[in-house]
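This is my_file.cif. It holds mmCIF, C-alpha atoms.
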data_protein
#
loop_
_atom_site.label_atom_id
_atom_site.label_comp_id
_atom_site.auth_asym_id
_atom_site.auth_seq_id
_atom_site.Cartn_x
_atom_site.Cartn_y
_atom_site.Cartn_z
CA MET C 1312 -186.49 -34.25 -42.45
CA THR C 1313 -187.36 -37.90 -41.84
CA GLU C 1314 -190.75 -39.41 -42.62
CA PRO C 1315 -193.07 -39.63 -39.61
CA VAL C 1316 -193.28 -43.05 -38.00
CA VAL C 1317 -196.09 -44.52 -35.92
CA HIS C 1318 -194.28 -46.13 -32.96
CA VAL C 1319 -196.62 -48.88 -31.72
CA VAL C 1320 -195.93 -50.15 -28.18
CA ASP C 1321 -197.82 -53.12 -26.76
CA ASP C 1322 -196.80 -56.39 -25.09
CA ASP C 1323 -199.54 -58.29 -27.00
CA ARG C 1324 -197.63 -59.34 -30.15
CA SER C 1325 -200.70 -60.49 -32.09
CA PHE C 1326 -202.40 -57.14 -31.44
CA VAL C 1327 -199.25 -55.29 -32.55
CA ARG C 1328 -199.09 -57.31 -35.80
CA ALA C 1329 -202.77 -56.65 -36.56
CA LEU C 1330 -202.42 -52.94 -35.76
CA ALA C 1331 -199.24 -52.65 -37.85
CA ARG C 1332 -201.04 -54.23 -40.84
CA LEU C 1333 -203.97 -51.81 -40.45
CA LEU C 1334 -201.71 -48.77 -40.20
CA THR C 1335 -199.47 -49.85 -43.08
CA ALA C 1336 -202.58 -50.35 -45.24
CA ASN C 1337 -203.54 -46.76 -44.37
CA GLY C 1338 -200.19 -45.44 -45.59
CA PHE C 1339 -198.31 -45.12 -42.31
CA GLU C 1340 -194.73 -46.18 -41.67
CA VAL C 1341 -194.80 -48.35 -38.53
CA GLN C 1342 -192.22 -49.52 -35.99
CA ALA C 1343 -193.39 -52.00 -33.36
CA PHE C 1344 -192.07 -52.42 -29.83
CA GLY C 1345 -192.96 -55.01 -27.20
CA SER C 1346 -192.29 -52.72 -24.23
CA GLY C 1347 -191.77 -49.14 -23.20
CA ASP C 1348 -188.09 -49.87 -22.53
CA GLU C 1349 -187.64 -51.01 -26.15
CA LEU C 1350 -189.24 -47.80 -27.40
CA LEU C 1351 -187.12 -45.60 -25.14
CA ALA C 1352 -183.95 -47.35 -26.30
CA ALA C 1353 -184.80 -46.80 -29.97
CA ILE C 1354 -185.99 -43.19 -30.25
CA SER C 1355 -184.52 -39.76 -29.65
CA ALA C 1356 -185.55 -36.11 -29.61
CA ASP C 1357 -185.07 -36.14 -33.41
CA SER C 1358 -187.68 -38.88 -33.94
CA ARG C 1359 -190.77 -37.81 -35.88
CA GLY C 1360 -194.32 -39.15 -35.91
CA CYS C 1361 -196.27 -40.32 -32.88
CA VAL C 1362 -196.49 -43.07 -30.28
CA VAL C 1363 -199.50 -45.39 -30.06
CA MET C 1364 -199.26 -47.44 -26.89
CA ASP C 1365 -201.09 -49.63 -24.50
CA LEU C 1366 -201.76 -48.18 -21.09
CA ASP C 1367 -201.23 -51.48 -19.25
CA MET C 1368 -197.91 -53.22 -19.91
CA PRO C 1369 -195.51 -55.19 -17.74
CA GLY C 1370 -192.49 -53.17 -16.67
CA LEU C 1371 -193.07 -49.52 -17.51
CA ASP C 1372 -196.76 -48.82 -18.07
CA GLY C 1373 -197.92 -46.34 -20.70
CA LEU C 1374 -198.10 -43.39 -18.30
CA GLN C 1375 -194.55 -44.07 -17.08
CA VAL C 1376 -193.32 -44.23 -20.68
CA GLN C 1377 -195.09 -40.93 -21.41
CA ASP C 1378 -193.36 -39.36 -18.40
CA ALA C 1379 -189.98 -40.79 -19.48
CA LEU C 1380 -190.45 -39.33 -22.98
CA ALA C 1381 -191.13 -35.90 -21.48
CA ALA C 1382 -188.12 -36.18 -19.15
CA ARG C 1383 -185.90 -36.86 -22.19
CA SER C 1384 -187.42 -33.93 -24.13
CA ILE C 1385 -188.87 -36.36 -26.68
CA ARG C 1386 -192.04 -34.56 -27.66
CA LEU C 1387 -193.75 -37.17 -29.81
CA PRO C 1388 -197.54 -36.97 -29.50
CA VAL C 1389 -199.09 -40.00 -27.78
CA VAL C 1390 -202.30 -41.90 -28.50
CA PHE C 1391 -203.18 -44.28 -25.69
CA LEU C 1392 -205.05 -47.56 -26.15
CA SER C 1393 -206.54 -49.38 -23.21
CA GLY C 1394 -208.63 -52.44 -22.52
CA ARG C 1395 -209.90 -50.64 -19.45
CA GLY C 1396 -210.68 -46.95 -19.59
CA ASP C 1397 -210.29 -45.63 -16.07
CA ILE C 1398 -210.87 -41.92 -15.62
CA PRO C 1399 -207.80 -41.05 -13.47
CA SER C 1400 -205.43 -42.59 -16.03
CA SER C 1401 -207.08 -40.85 -18.96
CA VAL C 1402 -207.03 -37.50 -17.11
CA HIS C 1403 -203.33 -37.92 -16.29
CA ALA C 1404 -202.53 -38.89 -19.88
CA MET C 1405 -204.36 -35.90 -21.34
CA ARG C 1406 -202.81 -33.46 -18.85
CA GLN C 1407 -199.40 -34.73 -19.95
CA GLY C 1408 -200.32 -33.93 -23.55
CA ALA C 1409 -201.77 -37.16 -24.96
CA VAL C 1410 -203.62 -36.57 -28.22
CA ASP C 1411 -206.25 -39.20 -27.50
CA PHE C 1412 -207.19 -42.02 -25.14
CA LEU C 1413 -209.08 -44.81 -26.90
CA GLU C 1414 -210.35 -48.25 -26.02
CA LYS C 1415 -208.50 -51.04 -27.80
CA ARG C 1416 -211.69 -52.07 -29.54
CA ALA C 1417 -212.25 -48.57 -30.99
CA ALA C 1418 -213.27 -48.52 -34.66
CA ALA C 1419 -210.37 -48.51 -37.10
CA GLU C 1420 -211.40 -45.16 -38.60
CA VAL C 1421 -211.44 -43.55 -35.11
CA LEU C 1422 -207.92 -44.82 -34.40
CA VAL C 1423 -206.60 -43.77 -37.82
CA ALA C 1424 -208.11 -40.28 -37.36
CA ALA C 1425 -206.44 -39.95 -33.93
CA ILE C 1426 -203.08 -40.98 -35.41
CA ARG C 1427 -203.43 -38.46 -38.25
CA ARG C 1428 -204.12 -35.70 -35.67
CA ALA C 1429 -201.07 -36.80 -33.67
CA ILE C 1430 -198.80 -36.76 -36.74
CA ASP C 1431 -200.16 -33.36 -37.80
CA SER C 1432 -199.46 -32.07 -34.28
CA ASP C 1433 -195.90 -33.41 -34.44
CA GLY C 1434 -195.39 -31.75 -37.83
CA ALA C 1435 -196.43 -28.39 -36.39
CA HIS C 1436 -194.06 -28.78 -33.43
CA SER C 1437 -191.26 -29.94 -35.71
CA GLY C 1438 -191.60 -26.75 -37.78
CA LEU C 1439 -191.51 -24.74 -34.59
CA ARG C 1440 -188.34 -26.49 -33.40
CA GLU C 1441 -186.73 -25.78 -36.78
CA ARG C 1442 -187.41 -22.06 -36.34
CA PHE C 1443 -185.61 -22.10 -33.00
CA ALA C 1444 -182.77 -24.16 -34.46
CA ARG C 1445 -181.83 -21.12 -36.60
CA LEU C 1446 -180.68 -19.25 -33.49
CA SER C 1447 -176.98 -18.84 -32.77
CA ALA C 1448 -175.52 -20.09 -29.48
CA ARG C 1449 -175.55 -16.55 -28.02
CA GLU C 1450 -179.15 -16.01 -29.16
CA ARG C 1451 -180.20 -19.28 -27.48
CA GLU C 1452 -178.44 -18.15 -24.32
CA ILE C 1453 -180.31 -14.83 -24.37
CA LEU C 1454 -183.56 -16.65 -25.20
CA GLY C 1455 -183.20 -18.62 -21.96
CA HIS C 1456 -183.06 -15.35 -20.02
CA VAL C 1457 -186.00 -13.84 -21.97
CA VAL C 1458 -188.17 -16.91 -21.30
CA ARG C 1459 -187.47 -16.51 -17.57
CA GLY C 1460 -188.77 -12.92 -17.80
CA ARG C 1461 -185.44 -11.16 -17.33
CA MET C 1462 -185.09 -7.55 -18.46
CA ASN C 1463 -182.43 -6.43 -20.97
CA LYS C 1464 -180.40 -4.71 -18.25
CA GLN C 1465 -180.42 -7.89 -16.11
CA ILE C 1466 -179.45 -10.07 -19.08
CA ALA C 1467 -176.59 -7.71 -19.99
CA ALA C 1468 -175.29 -7.76 -16.41
CA ASP C 1469 -175.52 -11.57 -16.20
CA LEU C 1470 -173.69 -12.09 -19.50
CA GLY C 1471 -171.21 -9.24 -19.13
CA ILE C 1472 -172.30 -7.55 -22.37
CA HIS C 1473 -173.78 -4.17 -23.23
CA GLU C 1474 -177.54 -3.70 -22.97
CA ARG C 1475 -177.63 -2.55 -26.60
CA THR C 1476 -176.09 -5.88 -27.66
CA VAL C 1477 -178.88 -7.70 -25.81
CA LYS C 1478 -181.46 -5.61 -27.68
CA LEU C 1479 -179.85 -6.48 -31.03
CA HIS C 1480 -179.86 -10.18 -30.18
CA ARG C 1481 -183.50 -10.01 -29.05
CA SER C 1482 -184.43 -8.37 -32.35
CA ALA C 1483 -182.64 -11.12 -34.25
CA ILE C 1484 -184.38 -13.80 -32.17
CA THR C 1485 -187.87 -12.41 -32.78
CA ALA C 1486 -187.15 -12.03 -36.50
CA LYS C 1487 -185.83 -15.60 -36.88
CA VAL C 1488 -188.66 -17.15 -34.88
CA GLY C 1489 -191.30 -14.90 -36.42
CA VAL C 1490 -192.86 -13.37 -33.31
CA ARG C 1491 -193.53 -9.80 -32.16
CA SER C 1492 -193.56 -9.98 -28.37
CA ALA C 1493 -191.57 -11.54 -25.54
CA ALA C 1494 -194.76 -13.22 -24.29
CA GLU C 1495 -195.36 -14.89 -27.66
CA LEU C 1496 -191.68 -15.88 -27.81
CA ALA C 1497 -191.86 -17.46 -24.35
CA THR C 1498 -195.03 -19.38 -25.24
CA LEU C 1499 -193.55 -20.77 -28.47
CA ALA C 1500 -190.26 -21.62 -26.75
CA ARG C 1501 -192.16 -23.69 -24.17
CA GLU C 1502 -194.16 -25.44 -26.92
CA ALA C 1503 -190.95 -26.22 -28.81
CA GLY C 1504 -189.20 -27.39 -25.64
CA VAL C 1505 -186.39 -24.82 -25.84
CA GLY C 1506 -185.27 -21.89 -23.75
#
Conversion result in structure tokens:
Amino acid sequence: MTEPVVHVVDDDRSFVRALARLLTANGFEVQAFGSGDELLAAISADSRGCVVMDLDMPGLDGLQVQDALAARSIRLPVVFLSGRGDIPSSVHAMRQGAVDFLEKRAAAEVLVAAIRRAIDSDGAHSGLRERFARLSAREREILGHVVRGRMNKQIAADLGIHERTVKLHRSAITAKVGVRSAAELATLAREAGVG
């Protein structure tokens, strides 16, 4: 597994340099980007860490970048920084899963604490994704049906297999993922972005 990276996105280059120095001094690996488009071109669903970005940028703004990350199934936690803290933007950001929404002049220790929470959150999701990665292709196919609330008989009919085979696959899925119920499985699958 790769080391987590703090992906800093801001069009203010002097701010990015100062923030990168602060984060590096606090033990973080940092990659800086001058725009949301640069970030989106450089990362993938396999990227680890978090994104710290300005809300207001030319081109794609921070909320649009957050939406683009979600659309590409890139589930890196986001910490927003803003020179202006308007309530509708912060509500939208948090509803989309942002870890925090801070003013740019927030104290260094507040920002560092938010980034640590974001990286811890990514680590937990990464472990969850690894559990689902253990599933075979057929188990992932059946998982998709289970997450949609389909019954064993319906799954068997859809896939042209015996209902008993579906039950065996479901048992294997719950054992590999480490859950006991279909509801828990569906919840974790949504959190991991699979199914």
Atomic distance atom CA of Arg1386 of chain C - atom CA of Thr1485 of chain C, expressed in Å with one decimal: 23.1 Å
Nearby residues (only C-alpha atoms) at most 7 Å from segment 1404-1413 of chain C, same-chain spacing under 6 positions excluded, as a PDB file with C-alpha atoms, in the coordinates of the input:
ATOM      1  CA  LEU C1374    -198.100 -43.390 -18.300  1.00  0.00           C
ATOM      2  CA  PRO C1388    -197.540 -36.970 -29.500  1.00  0.00           C
ATOM      3  CA  VAL C1389    -199.090 -40.000 -27.780  1.00  0.00           C
ATOM      4  CA  VAL C1390    -202.300 -41.900 -28.500  1.00  0.00           C
ATOM      5  CA  PHE C1391    -203.180 -44.280 -25.690  1.00  0.00           C
ATOM      6  CA  LEU C1392    -205.050 -47.560 -26.150  1.00  0.00           C
ATOM      7  CA  SER C1393    -206.540 -49.380 -23.210  1.00  0.00           C
ATOM      8  CA  ALA C1425    -206.440 -39.950 -33.930  1.00  0.00           C
ATOM      9  CA  ALA C1429    -201.070 -36.800 -33.670  1.00  0.00           C
TER      10      ALA C1429
END
Length of the atom CA of Ala1382 of chain C to atom CA of Ala1331 of chain C vector [Å]: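 Separation between atom CA of Ala1382 of chain C and atom CA of Ala1331 of chain C: 27.3 Å.
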Can you tell me which residues surround Gly1370 of chain C at a distance of at most 12 Å, considering all atoms listed in the file, apart from same-chain residues fewer than 5 positions away, and format the answer as a CSV table (one decimal) with C-alpha atoms, in the frame of the given file?
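part-v1.csv written:
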chain,number,residue,atom,x,y,z
C,1321,ASP,CA,-197.8,-53.1,-26.8
C,1322,ASP,CA,-196.8,-56.4,-25.1
C,1345,GLY,CA,-193.0,-55.0,-27.2
C,1346,SER,CA,-192.3,-52.7,-24.2
C,1347,GLY,CA,-191.8,-49.1,-23.2
C,1348,ASP,CA,-188.1,-49.9,-22.5
C,1349,GLU,CA,-187.6,-51.0,-26.2
C,1375,GLN,CA,-194.6,-44.1,-17.1
C,1376,VAL,CA,-193.3,-44.2,-20.7
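Computed from the coordinates, the atom CA of Met1462 of chain C to atom CA of Gly1438 of chain C distance equals 28.0 Å.
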